[in-house]
Amino acid sequence: MEGFEQALARARRYLEAGADALFIEALTSEAEIAKAASEFPGVPLLFNWAEGGKTPPVSLARLQELGYRIVIFPISTLLAATAAMRRILREISRHGTPAAALGDLPGFGEFVDFIGLPEVRAAEQRYTADPSAD
């Protein structure tokens, strides 16, 4: 809201106060992206690759070349999941079942592994009190 130079000044103050990493939000051009990186050599910088935001799309390779060490893609997976949900809901609406689309989807076991359920169950076992110990 206060502009690029003020954002850099705030980042300097955060660094002086002991910040371990800096995040300069809403850079509006590749020139600003490059200048922000050059202002803080050796400092871990976070780049927010927010789809549809004010910051232009810059490749991961270019960001690394400029010195950004942390790059987040905060909504890519949500946008992809939304598109997939729309596709499967259209299938159900048209045919009354998702059966025709199941071949393109992960199986339930793969899903359970992906979300880490086996690790959750193992942690439950480690941290659940043994009722026979009373």
# chains A, B, ... in the order shown; residues from 1 in each chain; ligands from 1

$ residues_around --residues "Ala19 (chain A)" --least-positions-apart "6" --cutoff "12 Å" --atoms "only C-alpha atoms" --output "list of chain:residue names"
A:Arg10, A:Ala11, A:Arg12, A:Arg13, A:Val43, A:Pro44, A:Leu45

$ residues_around --residues "region 100-106 of chain A" --least-positions-apart "6" --cutoff "10 Å" --atoms "only C-alpha atoms" --output "PyMOL selection string"
chain A and resi 84+87-88+91-92+112+114

$ write_last_selection --atoms "C-alpha atoms" --output "short mmCIF file (atom, residue, chain, number, x, y, z; two decimals), in the first residue's frame"
data_model
loop_
_atom_site.label_atom_id
_atom_site.label_comp_id
_atom_site.auth_asym_id
_atom_site.auth_seq_id
_atom_site.Cartn_x
_atom_site.Cartn_y
_atom_site.Cartn_z
CA ALA A 84 -10.90 -31.94 -10.88
CA ARG A 87 -14.98 -32.61 -13.83
CA ILE A 88 -16.09 -35.45 -11.56
CA GLU A 91 -19.60 -36.82 -14.78
CA ILE A 92 -21.91 -37.69 -11.88
CA VAL A 112 -4.76 -42.88 2.11
CA PHE A 114 -0.76 -39.74 0.07
#

$ select_by_dssp --residues "chain A" --states "helix (DSSP H, G or I)" --output "ChimeraX atom specification"
/A:4-16,30-39,60-66,76-95,99-104,108-114,117-127,131-133

$ residues_around --residues "Ala50 (chain A)" --least-positions-apart "3" --cutoff "8 Å" --atoms "only C-alpha atoms" --output "count of residues only"
6
